[in-house]
Amino acid sequence: MKILDQEVQQGSSALSYAGLLEKIEILRSRLRWASKLDRPEIEKLLRQANGLRDEVMQLSHKERFVQAASGEGVKVVQSPGERRRALLARSFVFEGTFGDNPRLLDALEVAEKAAPTDLPVLIDGESGTGKELMAKVIHANGSRADKPFISVNCGAIPENLLESELFGHKKGAFTGAANDRKGKFESAHHGTIFLDEIGELPLTGQVKLLRVLQSQEIQRVGADEAIAVDTRIVAATNKNLRKLSEQGLFREDLFYRLSVIHVSLPPLRERKDEIPLLFSYFCDEAAEALKRRPVKMTPRLRDFLLNYAYPGNIRELRNLIYRITCLAGDTAGIEHLPVDIRPRPQSSNESAADSTAAAAAIIAGAAISLSDAKRAASDEAERAFLERGLREVGGTVSELARRCDMNRSHLQMLLKKHGIHSKDFRRRDVPPHEGNRV
């Protein structure tokens, strides 16, 4: 801890904390791939590095909270890149990676300011956008960071067990209650309870939750006495709760109680700059979980993943990376994707037409993506090479394969891809070579 004391005394402590955290992360990354250490030694060092990281985060909490609440020491910035760097410079705790999307930065800045308080937070966004991660961010940046974080999926609890699950029960309260049991709220005492899919909570459960918010007390099923609970509530939903309250499906008073701080997360399709960052992060995470090296991707697979719409958002991207890391060897390709999202093979005519159309768009200056431009240029160059080669050998496929030092069947596949027929290049004075028909 002498090193930490020296660092803290220098200049801006927020910056020194950030520098220390960066060094610790570099150490942890190197330890993961250390080749000369046995696994137990690596695990021991990783635990020590994790403990040091947590200590540094705790040391920086108080100063960061004061800055976030008062706005002092926070430079007013305009560009997303500057806003992102400013968050990181303030030792903002975020387990993962994020990009420069303005809506996401708005959400993170709101979370940073809300974290030091005990105000309820409502997080909304499409399924898979990282709502639980945002809840953990609020918890990790708050004064309750060293206390429990309890997650509850409100949509997965049967209605008849909801009260027991949230508030606990006494022995003999109902059939099967063999012992006293603490509920989720008691388990989260002094910490944070995350109520995921809050829009799925039935109206009877909403009434009981509202009572907890108002009185800060819970009552176990079958018990007479009330139990005081000090719990910070963060809720999340992929539904429009305001509209549900207008339809009578969600209590309006509960909605206003939960949404004192309201955070909205944009879908991944609006955060394209984040996809390459997530590739790297999840590839390392999957490699560590599966005890192997990070997988490499073919250009075609990488191009597909960069341009895919991700209806399941970040969760879908993470699952895809884990899938291809598990199924592939050193290099993953299109064939390692799930069949239902894998791009269908194009016919030779479709491929040639698409390539020609893309090339024409490039010449005309039409707005297409860089990946489309590269693919079109590559396909046109390949097609031109094959046609020139066939003209030089008079349409003899085997001779062209010999000259190119290429497998004949592979050459025939390329010709079929571009819709090229070798017979169209045969000289009239040269008899057709048997087996050269494509």
# chains A, B, ... in the order shown; residues from 1 in each chain; ligands from 1

$ closest_atom_pairs --of "region 74-134 of chain A" --to "region 225-237 of chain A" --cutoff "9 Å" --atoms "only C-alpha atoms" --output "JSON lines"
{"residue": "A:Thr117", "atom": "CA", "partner": "A:Arg232", "partner_atom": "CA", "distance": 9.0}
{"residue": "A:Asp118", "atom": "CA", "partner": "A:Arg232", "partner_atom": "CA", "distance": 5.7}
{"residue": "A:Leu119", "atom": "CA", "partner": "A:Arg232", "partner_atom": "CA", "distance": 7.2}
{"residue": "A:Pro120", "atom": "CA", "partner": "A:Ile233", "partner_atom": "CA", "distance": 5.1}
{"residue": "A:Val121", "atom": "CA", "partner": "A:Val234", "partner_atom": "CA", "distance": 4.8}
{"residue": "A:Leu122", "atom": "CA", "partner": "A:Ala235", "partner_atom": "CA", "distance": 4.9}
{"residue": "A:Ile123", "atom": "CA", "partner": "A:Ala236", "partner_atom": "CA", "distance": 4.6}
{"residue": "A:Asp124", "atom": "CA", "partner": "A:Thr237", "partner_atom": "CA", "distance": 5.0}
{"residue": "A:Gly125", "atom": "CA", "partner": "A:Thr237", "partner_atom": "CA", "distance": 6.8}
{"residue": "A:Glu126", "atom": "CA", "partner": "A:Thr237", "partner_atom": "CA", "distance": 8.1}
{"residue": "A:Ser127", "atom": "CA", "partner": "A:Thr237", "partner_atom": "CA", "distance": 8.3}
{"residue": "A:Lys131", "atom": "CA", "partner": "A:Ala236", "partner_atom": "CA", "distance": 6.4}
{"residue": "A:Glu132", "atom": "CA", "partner": "A:Ala236", "partner_atom": "CA", "distance": 7.6}

$ write_last_selection --atoms "N, CA, C and O atoms" --output "CSV table (one decimal), in the first residue's frame"
chain,number,residue,atom,x,y,z
A,117,THR,N,-26.5,8.6,-4.6
A,117,THR,CA,-27.8,8.8,-3.8
A,117,THR,C,-28.4,7.5,-3.6
A,117,THR,O,-28.0,6.4,-4.0
A,118,ASP,N,-29.6,7.5,-2.8
A,118,ASP,CA,-30.4,6.3,-2.6
A,118,ASP,C,-31.7,6.4,-3.4
A,118,ASP,O,-32.6,5.6,-3.1
A,119,LEU,N,-31.8,7.3,-4.4
A,119,LEU,CA,-33.0,7.4,-5.2
A,119,LEU,C,-33.3,6.2,-6.0
A,119,LEU,O,-32.3,5.6,-6.6
A,120,PRO,N,-34.6,5.8,-6.2
A,120,PRO,CA,-34.9,4.7,-7.1
A,120,PRO,C,-34.5,5.1,-8.5
A,120,PRO,O,-34.6,6.2,-8.9
A,121,VAL,N,-34.1,4.1,-9.3
A,121,VAL,CA,-33.7,4.3,-10.7
A,121,VAL,C,-34.5,3.3,-11.5
A,121,VAL,O,-34.6,2.1,-11.2
A,122,LEU,N,-35.1,3.8,-12.6
A,122,LEU,CA,-35.8,2.9,-13.6
A,122,LEU,C,-35.0,2.9,-14.9
A,122,LEU,O,-34.7,4.0,-15.5
A,123,ILE,N,-34.6,1.8,-15.4
A,123,ILE,CA,-33.8,1.6,-16.6
A,123,ILE,C,-34.7,1.0,-17.6
A,123,ILE,O,-35.3,-0.1,-17.4
A,124,ASP,N,-34.8,1.6,-18.8
A,124,ASP,CA,-35.6,0.9,-19.9
A,124,ASP,C,-34.8,0.8,-21.1
A,124,ASP,O,-33.7,1.5,-21.3
A,125,GLY,N,-35.2,-0.1,-22.0
A,125,GLY,CA,-34.5,-0.3,-23.2
A,125,GLY,C,-34.9,-1.7,-23.8
A,125,GLY,O,-35.5,-2.5,-23.0
A,126,GLU,N,-34.5,-2.0,-25.0
A,126,GLU,CA,-34.9,-3.3,-25.6
A,126,GLU,C,-34.1,-4.4,-24.9
A,126,GLU,O,-33.2,-4.2,-24.2
A,127,SER,N,-34.7,-5.6,-25.0
A,127,SER,CA,-34.1,-6.8,-24.4
A,127,SER,C,-32.6,-6.9,-24.9
A,127,SER,O,-32.4,-6.9,-26.1
A,131,LYS,N,-29.3,-3.7,-19.5
A,131,LYS,CA,-30.0,-3.1,-18.3
A,131,LYS,C,-29.4,-3.6,-17.0
A,131,LYS,O,-29.2,-2.8,-16.1
A,132,GLU,N,-29.2,-4.9,-16.9
A,132,GLU,CA,-28.6,-5.4,-15.6
A,132,GLU,C,-27.2,-4.9,-15.4
A,132,GLU,O,-26.8,-4.5,-14.3

$ select_by_dssp --residues "region 164-306 of chain A" --states "alpha helix (DSSP H)" --output "PyMOL selection string"
chain A and resi 164-167+184-187+203-215+241-246+252-258+275-290+299-306

$ residues_around --residues "Leu213 (chain A)" --least-positions-apart "3" --cutoff "9 Å" --atoms "only C-alpha atoms" --output "PyMOL selection string"
chain A and resi 208-210+216-217+233+254+257-258

$ residues_around --residues "Phe167 (chain A)" --least-positions-apart "2" --cutoff "8 Å" --atoms "only C-alpha atoms" --output "PyMOL selection string"
chain A and resi 163-165+169+182-186+218-221

$ atom_distance --atom1 "CA of Lys136 (chain A)" --atom2 "CA of Ile150 (chain A)"
9.9 Å

$ select_by_dssp --residues "region 242-319 of chain A" --states "strand (DSSP E)" --output "VMD selection string"
chain A and resid 261 to 264 296 to 297

$ write_last_selection --atoms "N, CA and C atoms" --output "short mmCIF file (atom, residue, chain, number, x, y, z; two decimals), in the first residue's frame"
data_model
loop_
_atom_site.label_atom_id
_atom_site.label_comp_id
_atom_site.auth_asym_id
_atom_site.auth_seq_id
_atom_site.Cartn_x
_atom_site.Cartn_y
_atom_site.Cartn_z
N ILE A 261 -35.30 8.61 -10.99
CA ILE A 261 -34.21 8.73 -11.98
C ILE A 261 -34.53 7.76 -13.11
N HIS A 262 -34.61 8.29 -14.33
CA HIS A 262 -35.01 7.47 -15.48
C HIS A 262 -33.84 7.39 -16.45
N VAL A 263 -33.40 6.18 -16.78
CA VAL A 263 -32.27 5.96 -17.68
C VAL A 263 -32.75 5.12 -18.85
N SER A 264 -32.49 5.59 -20.08
CA SER A 264 -32.87 4.84 -21.29
C SER A 264 -31.62 4.39 -22.03
N LYS A 296 -9.71 -16.14 -33.94
CA LYS A 296 -9.57 -15.19 -35.05
C LYS A 296 -10.77 -15.36 -35.97
N MET A 297 -11.11 -14.31 -36.71
CA MET A 297 -12.26 -14.35 -37.61
C MET A 297 -11.82 -14.15 -39.05
#

$ residues_around --residues "Phe279 (chain A)" --least-positions-apart "3" --cutoff "10 Å" --atoms "only C-alpha atoms" --output "list in words"
Glu274, Ile275, Pro276, Phe282, Cys283, Asp284, Glu285, Arg302, Leu305, Leu306, Leu317, Arg318, Leu320 and Ile321 of chain A

$ write_last_selection --atoms "N, CA and C atoms" --output "mmCIF file, in the first residue's frame"
data_model
loop_
_atom_site.group_PDB
_atom_site.id
_atom_site.type_symbol
_atom_site.label_atom_id
_atom_site.label_comp_id
_atom_site.auth_asym_id
_atom_site.auth_seq_id
_atom_site.Cartn_x
_atom_site.Cartn_y
_atom_site.Cartn_z
ATOM 1 N N GLU A 274 -19.495 0.687 -31.221
ATOM 2 C CA GLU A 274 -19.204 -0.146 -30.059
ATOM 3 C C GLU A 274 -18.937 -1.603 -30.430
ATOM 4 N N ILE A 275 -19.393 -2.021 -31.615
ATOM 5 C CA ILE A 275 -19.305 -3.437 -31.987
ATOM 6 C C ILE A 275 -17.862 -3.942 -32.024
ATOM 7 N N PRO A 276 -16.909 -3.247 -32.675
ATOM 8 C CA PRO A 276 -15.517 -3.751 -32.639
ATOM 9 C C PRO A 276 -14.954 -3.827 -31.219
ATOM 10 N N PHE A 282 -15.474 -9.450 -25.649
ATOM 11 C CA PHE A 282 -16.111 -10.758 -25.486
ATOM 12 C C PHE A 282 -15.224 -11.896 -25.971
ATOM 13 N N CYS A 283 -14.363 -11.643 -26.971
ATOM 14 C CA CYS A 283 -13.420 -12.683 -27.407
ATOM 15 C C CYS A 283 -12.460 -13.035 -26.276
ATOM 16 N N ASP A 284 -11.957 -12.016 -25.571
ATOM 17 C CA ASP A 284 -11.077 -12.276 -24.426
ATOM 18 C C ASP A 284 -11.846 -12.960 -23.301
ATOM 19 N N GLU A 285 -13.075 -12.506 -23.049
ATOM 20 C CA GLU A 285 -13.890 -13.091 -21.982
ATOM 21 C C GLU A 285 -14.203 -14.556 -22.281
ATOM 22 N N ARG A 302 -16.182 -11.404 -40.016
ATOM 23 C CA ARG A 302 -16.080 -10.113 -39.329
ATOM 24 C C ARG A 302 -16.969 -9.073 -40.005
ATOM 25 N N LEU A 305 -20.578 -9.766 -38.987
ATOM 26 C CA LEU A 305 -20.878 -9.382 -37.607
ATOM 27 C C LEU A 305 -20.902 -7.869 -37.426
ATOM 28 N N LEU A 306 -20.107 -7.144 -38.208
ATOM 29 C CA LEU A 306 -20.107 -5.680 -38.118
ATOM 30 C C LEU A 306 -21.382 -5.069 -38.674
ATOM 31 N N LEU A 317 -24.932 -10.594 -29.375
ATOM 32 C CA LEU A 317 -23.540 -10.511 -29.815
ATOM 33 C C LEU A 317 -22.638 -11.342 -28.914
ATOM 34 N N ARG A 318 -22.828 -11.222 -27.606
ATOM 35 C CA ARG A 318 -22.010 -12.004 -26.661
ATOM 36 C C ARG A 318 -22.193 -13.501 -26.887
ATOM 37 N N LEU A 320 -23.099 -15.019 -29.626
ATOM 38 C CA LEU A 320 -22.477 -15.399 -30.894
ATOM 39 C C LEU A 320 -20.973 -15.566 -30.732
ATOM 40 N N ILE A 321 -20.337 -14.654 -30.005
ATOM 41 C CA ILE A 321 -18.890 -14.750 -29.806
ATOM 42 C C ILE A 321 -18.544 -16.014 -29.018
#

$ residues_around --residues "Thr325 (chain A)" --least-positions-apart "6" --cutoff "9 Å" --atoms "only C-alpha atoms" --output "PyMOL selection string"
chain A and resi 283+286-287+290+292-296+331-332

$ closest_residue --among "A:Ser79, A:Thr298, A:Ser215, A:Thr396" --to "Ile334 (chain A)" --atoms "only C-alpha atoms"
A:Thr298

$ residues_around --residues "Leu241 (chain A)" --least-positions-apart "6" --cutoff "8 Å" --atoms "only C-alpha atoms" --output "list in words"
Gly199, Phe250 and Phe255 of chain A

$ write_last_selection --atoms "N, CA, C and O atoms" --output "compact mmCIF listing (two decimals), in the first residue's frame"
# COMPACT_ATOMS: atom_id res chain seq x y z
N GLY A 199 -42.16 -4.73 -15.45
CA GLY A 199 -43.45 -4.64 -16.13
C GLY A 199 -44.24 -5.93 -16.08
O GLY A 199 -45.45 -5.94 -16.37
N PHE A 250 -50.39 -1.27 -15.12
CA PHE A 250 -49.31 -0.97 -14.19
C PHE A 250 -49.72 0.25 -13.36
O PHE A 250 -50.22 1.24 -13.91
N PHE A 255 -45.20 3.61 -10.79
CA PHE A 255 -44.34 4.09 -11.89
C PHE A 255 -43.59 5.35 -11.48
O PHE A 255 -42.38 5.46 -11.66

$ closest_residue --among "A:Leu166, A:Arg403, A:Cys154, A:His421" --to "Arg383 (chain A)" --atoms "only C-alpha atoms"
A:His421
